[in-house]
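Visitor: For reference, the structure I am asking about is given below.
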Amino acid sequence: MTIHRRQFMQAAGAAGALATVPTTVLAADAAKPAGTPKQEANMTTFVLIHGAWHYGALWEDVAKPLRKAGHTVHTPTLAGNGPGDGIDRTVGHSDAVKSAVDYVVENDLKDFVLLGHSYGGTIISRMAEELPDRIRRLIYWNAFVLNDGESIEAVSPPHYKQLMDAIAASGAYGPGAVKLPFPVWREAFMNDADLALAQKTYELTTPHPLRTLTDRVALKSFHELKTPRSYINCTEDIAMPPGDFAWHPRFTARLGLCRLVQMPGGHEACFTNPELLAAKIVEAGRD
Amino acid sequence: MTIHRRQFMQAAGAAGALATVPTTVLAADAAKPAGTPKQEANMTTFVLIHGAWHYGALWEDVAKPLRKAGHTVHTPTLAGNGPGDGIDRTVGHSDAVKSAVDYVVENDLKDFVLLGHSYGGTIISRMAEELPDRIRRLIYWNAFVLNDGESIEAVSPPHYKQLMDAIAASGAYGPGAVKLPFPVWREAFMNDADLALAQKTYELTTPHPLRTLTDRVALKSFHELKTPRSYINCTEDIAMPPGDFAWHPRFTARLGLCRLVQMPGGHEACFTNPELLAAKIVEAGRD
Amino acid sequence: MTIHRRQFMQAAGAAGALATVPTTVLAADAAKPAGTPKQEANMTTFVLIHGAWHYGALWEDVAKPLRKAGHTVHTPTLAGNGPGDGIDRTVGHSDAVKSAVDYVVENDLKDFVLLGHSYGGTIISRMAEELPDRIRRLIYWNAFVLNDGESIEAVSPPHYKQLMDAIAASGAYGPGAVKLPFPVWREAFMNDADLALAQKTYELTTPHPLRTLTDRVALKSFHELKTPRSYINCTEDIAMPPGDFAWHPRFTARLGLCRLVQMPGGHEACFTNPELLAAKIVEAGRD
């Protein structure tokens with residue numbers, strides 16, 4: 001709530017603390033629309049950061065309609081993710097963040113809309129700290145919004161920790177790697193899919209580096225940033241279980257002034273309804 | 001909860017306290033459909049009470065489809081609202097109520113469905129106390145439902161008070177007047193709009209008398225009234241932030257037996273989806 | 001929460017307690033899709049258990065599209081329900097359960113999807129205990145999920161008890177029988193209907209045996225069962241009032257790993273939107 005108020009006042013008010021700003025400045029600033037559109041013909045550059053068990057190429061069905069509409073779409077794969085035996089799944093959260101930051105710097109991306117899905121939400125919060133001047137807007141799509149020092153594990157229901165630790169200990173997916181049991185994927189992640197699609201996508205997804213879910217993430221400046229932000233909530237997403245652990249309003253409330261966009265669907269709408277998701281990304285990402 | 005139970009039992013039961021009514025009367029009453037339709041050919045008279053920063057003419061896109069369907073629509077402007085430098089924005093809540101009551105009496109409106117949007121909810125609760133026999137049904141559309149002695153300020157998150165006080169103190173909008181900073185309007189009120197519509201409607205709306213938001217409202221008989229009531233909730237409305245402060249179920253729960261109607265959209269669906277809102281008003285307002 | 005974790009781990013893991021299973025078995029099991037479809041051409045046998053005031057024939061508009069799509073649909077009437085003066089409305093919860101179990105055994109139904117609506121949810125939990133090997137999946141449609149020793153009365157808001165006791169005491173519907181007052185039916189159950197449909201269905205529904213709502217239900221093994229389960233939530237269902245008493249997430253959370261399916265509509269979508277409900281039943285019931 002403290003965070004909420006602070007960020008709200010910043011977005012609503014002026015450059016500094018509201019109370020210390022001359023009231024004429026405040027009023028002038030308050031009355032002025034936020035920023036002027038810098039994009040030509042509403043074309044946007046999107047950088048989409050995947051969730052756990054995913055990798056860049058799995059955004060394809062979402063990226064296609066965005067590109068067809070004229071937008072530019074980048075879908076980097078985070079360190080520790082992706083198919084193949086050669087991937088080091090023992091990496092931690094800071095390695096994943098570094099891989100995403102490096103991608104942006106190497107491609108010299110600027111003025112882009114940065115979206116994080118699920119685990120990816122923890123990555124974009126850190127990217128916003130590292131690259132504040134390059135990001136036009138943040139979009140969290142059923143994503144974790146961490147406070148300073150939290151891990152994904154710490155904000156997830158205890159049965160996930162128990163399950164992940166057991167899977168990791170089994171060694172079934174190699175050192176440091178975990179994957180959801182199929183019944184959990186089918187019921188809690190792909191609840192809006194038929195069995196065939198649940199099976200196909202289960203095979204497409206890959207083992208995930210457990211440490212990225214258990215590392216505590218330092219977020220020293222994120223909650224002071226004034227970067228505009230949106231949250232896309234799929235209304236049937238039960239990857240975080242209904243009730244106290246639900247994505248929304250738990251994580252939306254942590255973002256302060258934040259544009260809420262909702263759509264029907266489960267946690268993997270990128271597979272079950274990619275066209276609608278693409279439309280909602282545009283809605284969430286516009287100025 | 002006490003209020004809920006009381007009103008529920010009244011609507012469900014008979015004219016007096018359920019326990020004191022002869023059981024045969026109760027059963028007979030219970031089995032009988034509520035009232036007989038008095039409206040010819042389902043034509044309804046609607047009185048639409050606007051929210052803060054709004055005024056009567058801004059209902060036009062909602063009123064049009066209602067009138068086209070044969071209904072009669074009144075859209076009075078409350079005291080202290082509306083465009084122009086000549087408006088006294090130092091008025092209080094009782095002035096606004098009086099202006100609405102006067103409108104109904106002067107036009108001799110009877111048997112009408114009375115809708116309040118947002119701030120307008122606090123007006124229609126008082127109108128229901130003043131004009132109980134003229135009102136067929138109350139509709140709260142993402143509206144405040146106050147308890148006796150509460151103000152809008154008291155049931156809103158603290159950052160709104162801080163913001164409004166600062167804006168009022170700035171004097172930017174004249175004595176007693178406040179207006180939302182654009183970023184709050186764009187993100188939290190017009191989250192389902194594009195930037196152009198957010199800007200256009202920001203310019204259409206006008207300064208609002210702050211006292212109507214801070215005055216404590218006496219509601220001595222409202223929660224005893226048996227007037228049927230509905231609540232329209234726009235599912236993406238984040239003008240009250242998600243969580244404990246959300247419109248629904250917080251305010252719906254205060255109305256006892258109440259018909260819930262939902263639609264997609266943000267707080268300003270009168271601008272972003274007026275046709276669907278009109279359809280939902282009919283659904284909420286029918287017997 | 002304890003229940004949630006336990007059932008989640010069972011569904012996610014293996015036959016026994018996760019901690020005691022050899023990790024290689026766990027991993028192998030975890031990676032394998034759940035079961036293989038046994039149904040030819042996706043044809044399913046559905047057994048639909050009605051709610052209070054309902055009886056089997058009132059499923060007709062839902063059963064029709066299911067049958068048209070090739071499914072088999074059974075709609076037994078529970079003991080104590082149905083039209084006619086000859087029905088004994090003094091029966092209790094165990095009588096209703098027995099009547100449903102007998103129906104399944106007499107018709108030798110196997111490998112079926114078992115759905116319970118509202119009160120029917122308490123019946124199917126007990127049926128799952130009695131007939132675990134015959135049930136392919138459970139679907140709760142805005143239904144009560146009881147814990148061991150609870151009654152429907154105990155998990156409903158107090159005003160319902162007060163109301164039901166008064167109606168029963170009136171004797172208006174014969175020994176042991178209750179029926180909702182029309183205003184409650186119209187506003188809280190048929191909120192998505194017009195008045196004519198609310199009236200017509202009010203006349204179709206019949207008195208209900210009160211004891212089935214007040215009997216405490218023993219559920220000794222239900223929460224240990226591994227039967228897959230889904231929950232269909234109609235998003236405008238206010239038969240349980242919004243807030244702490246709402247169907248969802250209160251009862252979904254009691255089911256552990258559970259597929260959530262949502263649709264617009266009130267508590268009686270079988271009357272107000274039977275085609276969509278049928279489609280959602282298929283979605284909830286598939287493997």
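Lettering and numbering for the structure tokens are positional, with chains as A, B, ... in the shown order, residues counted from 1 in each chain, and ligands counted from 1 in the shown order.
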Within 8 Å of Val101 in chain A, counting only C-alpha atoms, which residues show up once you throw out same-chain ones fewer than 4 positions away? Write them as a ChimeraX atom specification, please.
Guide: /A:97,105,127,130-131
Visitor: Which residues in range 127-263 of chain A does DSSP call helix (DSSP H, G or I)? List them as a PyMOL selection string.
Guide: chain A and resi 127-130+132-134+153-155+158-170+182-189+195-204+211-214+222-224+252-255
Visitor: For the selection you just gave me, I'd like the residues written to a file as an mmCIF file, in the first residue's frame, keeping C-alpha atoms.
Guide:
```
data_model
loop_
_atom_site.group_PDB
_atom_site.id
_atom_site.type_symbol
_atom_site.label_atom_id
_atom_site.label_comp_id
_atom_site.auth_asym_id
_atom_site.auth_seq_id
_atom_site.Cartn_x
_atom_site.Cartn_y
_atom_site.Cartn_z
ATOM 1 C CA MET A 127 15.585 -4.682 -16.697
ATOM 2 C CA ALA A 128 13.654 -1.534 -15.831
ATOM 3 C CA GLU A 129 16.257 -0.808 -13.171
ATOM 4 C CA GLU A 130 19.139 -1.423 -15.562
ATOM 5 C CA PRO A 132 15.244 2.856 -17.415
ATOM 6 C CA ASP A 133 15.707 5.254 -20.307
ATOM 7 C CA ARG A 134 15.147 2.676 -23.012
ATOM 8 C CA GLU A 153 9.243 -19.264 -4.448
ATOM 9 C CA ALA A 154 8.483 -16.930 -1.552
ATOM 10 C CA VAL A 155 5.328 -15.538 -3.168
ATOM 11 C CA PRO A 158 4.081 -23.844 -0.483
ATOM 12 C CA HIS A 159 3.002 -26.887 -2.467
ATOM 13 C CA TYR A 160 4.854 -25.543 -5.503
ATOM 14 C CA LYS A 161 8.097 -25.402 -3.535
ATOM 15 C CA GLN A 162 7.589 -28.926 -2.248
ATOM 16 C CA LEU A 163 6.857 -30.161 -5.760
ATOM 17 C CA MET A 164 9.759 -28.348 -7.430
ATOM 18 C CA ASP A 165 12.263 -29.451 -4.813
ATOM 19 C CA ALA A 166 11.186 -33.077 -5.270
ATOM 20 C CA ILE A 167 11.429 -32.861 -9.071
ATOM 21 C CA ALA A 168 14.851 -31.223 -8.886
ATOM 22 C CA ALA A 169 16.067 -33.805 -6.397
ATOM 23 C CA SER A 170 14.954 -36.565 -8.750
ATOM 24 C CA PHE A 182 1.831 -33.089 -16.820
ATOM 25 C CA PRO A 183 -1.368 -33.155 -14.710
ATOM 26 C CA VAL A 184 -0.509 -29.763 -13.237
ATOM 27 C CA TRP A 185 0.264 -28.373 -16.686
ATOM 28 C CA ARG A 186 -2.958 -29.754 -18.106
ATOM 29 C CA GLU A 187 -5.309 -28.649 -15.305
ATOM 30 C CA ALA A 188 -3.796 -25.473 -13.883
ATOM 31 C CA PHE A 189 -1.925 -24.031 -16.884
ATOM 32 C CA LEU A 195 -5.975 -32.557 -24.243
ATOM 33 C CA ALA A 196 -4.186 -32.663 -27.594
ATOM 34 C CA LEU A 197 -2.991 -29.066 -27.307
ATOM 35 C CA ALA A 198 -2.045 -29.603 -23.672
ATOM 36 C CA GLN A 199 0.093 -32.586 -24.693
ATOM 37 C CA LYS A 200 1.655 -30.878 -27.698
ATOM 38 C CA THR A 201 2.675 -27.797 -25.719
ATOM 39 C CA TYR A 202 3.916 -29.908 -22.837
ATOM 40 C CA GLU A 203 6.349 -31.475 -25.251
ATOM 41 C CA LEU A 204 7.357 -28.103 -26.669
ATOM 42 C CA ARG A 211 17.558 -21.298 -9.072
ATOM 43 C CA THR A 212 15.838 -18.536 -11.041
ATOM 44 C CA LEU A 213 12.717 -19.346 -9.048
ATOM 45 C CA THR A 214 14.423 -19.526 -5.669
ATOM 46 C CA PHE A 222 12.202 -0.459 -9.274
ATOM 47 C CA HIS A 223 9.386 0.727 -7.062
ATOM 48 C CA GLU A 224 10.577 4.323 -7.413
ATOM 49 C CA THR A 252 -1.509 -5.472 -9.811
ATOM 50 C CA ALA A 253 -1.748 -3.744 -6.430
ATOM 51 C CA ARG A 254 2.040 -3.719 -6.197
ATOM 52 C CA LEU A 255 2.416 -1.607 -9.326
#
```
Visitor: How many Å separate CA of Leu58 in chain B from CA of Gly92 in chain B?
Guide: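 Distance reported for this atom pair: 21.6 Å.
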Visitor: For Ser156 in chain B, list every protein, DNA or RNA residue within 12 Å, evaluated using only C-alpha atoms, and leave out those in the same chain fewer than 6 positions away; present the list as a compact mmCIF listing (two decimals) with N, CA and C atoms, in the first residue's frame.
Guide:
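Saved to result36.txt:
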```txt
# COMPACT_ATOMS: atom_id res chain seq x y z
N SER B 118 -20.73 6.30 -10.04
CA SER B 118 -19.59 6.75 -9.23
C SER B 118 -20.07 7.67 -8.11
N TYR B 119 -19.63 8.91 -8.08
CA TYR B 119 -20.13 9.90 -7.13
C TYR B 119 -21.67 9.95 -7.14
N ALA B 143 -20.55 2.62 -8.57
CA ALA B 143 -20.92 3.80 -7.77
C ALA B 143 -20.65 3.54 -6.30
N PHE B 144 -20.45 4.62 -5.58
CA PHE B 144 -20.28 4.54 -4.13
C PHE B 144 -21.62 4.27 -3.46
N VAL B 145 -21.62 3.33 -2.55
CA VAL B 145 -22.78 3.10 -1.68
C VAL B 145 -22.31 3.43 -0.26
N LEU B 146 -22.73 4.57 0.22
CA LEU B 146 -22.26 5.04 1.53
C LEU B 146 -23.14 4.52 2.66
N GLU B 150 -20.82 8.60 6.25
CA GLU B 150 -19.57 8.48 5.51
C GLU B 150 -19.47 9.53 4.39
N GLN B 162 -4.96 12.73 -0.62
CA GLN B 162 -3.73 13.50 -0.67
C GLN B 162 -3.63 14.27 -1.99
N LEU B 163 -3.97 13.56 -3.07
CA LEU B 163 -3.91 14.15 -4.41
C LEU B 163 -4.92 15.27 -4.55
N MET B 164 -6.18 15.02 -4.13
CA MET B 164 -7.24 16.01 -4.31
C MET B 164 -6.95 17.26 -3.48
N LEU B 213 -17.17 15.59 -2.27
CA LEU B 213 -16.42 14.34 -2.05
C LEU B 213 -15.98 14.19 -0.60
N THR B 214 -15.98 15.30 0.13
CA THR B 214 -15.48 15.26 1.51
C THR B 214 -16.60 15.43 2.54
N ALA B 239 -10.83 2.54 -11.17
CA ALA B 239 -10.84 3.88 -10.58
C ALA B 239 -10.73 3.76 -9.06
N MET B 240 -11.43 2.78 -8.50
CA MET B 240 -11.10 2.31 -7.16
C MET B 240 -10.12 1.16 -7.39
N PRO B 241 -8.97 1.18 -6.73
CA PRO B 241 -7.92 0.19 -7.07
C PRO B 241 -8.32 -1.24 -6.72
N PRO B 242 -7.81 -2.21 -7.47
CA PRO B 242 -8.09 -3.62 -7.19
C PRO B 242 -7.74 -3.99 -5.75
N ASP B 244 -8.87 -4.48 -1.69
CA ASP B 244 -9.81 -4.09 -0.64
C ASP B 244 -10.67 -2.89 -1.01
N PHE B 245 -10.16 -2.02 -1.85
CA PHE B 245 -10.90 -0.81 -2.19
C PHE B 245 -11.79 -0.97 -3.44
N ALA B 246 -11.76 -2.12 -4.05
CA ALA B 246 -12.50 -2.32 -5.31
C ALA B 246 -14.00 -2.05 -5.12
N TRP B 247 -14.65 -1.61 -6.19
CA TRP B 247 -16.09 -1.34 -6.17
C TRP B 247 -16.86 -2.59 -5.74
N ARG B 250 -17.25 -4.82 -2.62
CA ARG B 250 -17.37 -3.96 -1.45
C ARG B 250 -18.72 -3.25 -1.40
N PHE B 251 -19.08 -2.58 -2.47
CA PHE B 251 -20.31 -1.78 -2.41
C PHE B 251 -21.56 -2.58 -2.73
```
Visitor: Skip Thr235 in chain A itself and residues of its chain fewer than 5 positions away, then list as a PyMOL selection string all residues within 8 Å of it, counting only C-alpha atoms.
Guide: chain A and resi 262-266
Visitor: Would you kindly return, as a list in words, each protein, DNA or RNA residue with an atom no farther than 10 Å from any atom of Pro228 in chain C, considering only C-alpha atoms and excluding same-chain residues fewer than 5 positions away?
Guide: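 The residues that qualify are Pro183 and Glu187 of chain A; Gln7, Ala11, Ala34, Val113, Ile135, Arg136, Arg137, Leu138, Ile139, Leu255, Gly256, Leu257, Cys258, Arg259, Gly285 and Asp287 of chain C.
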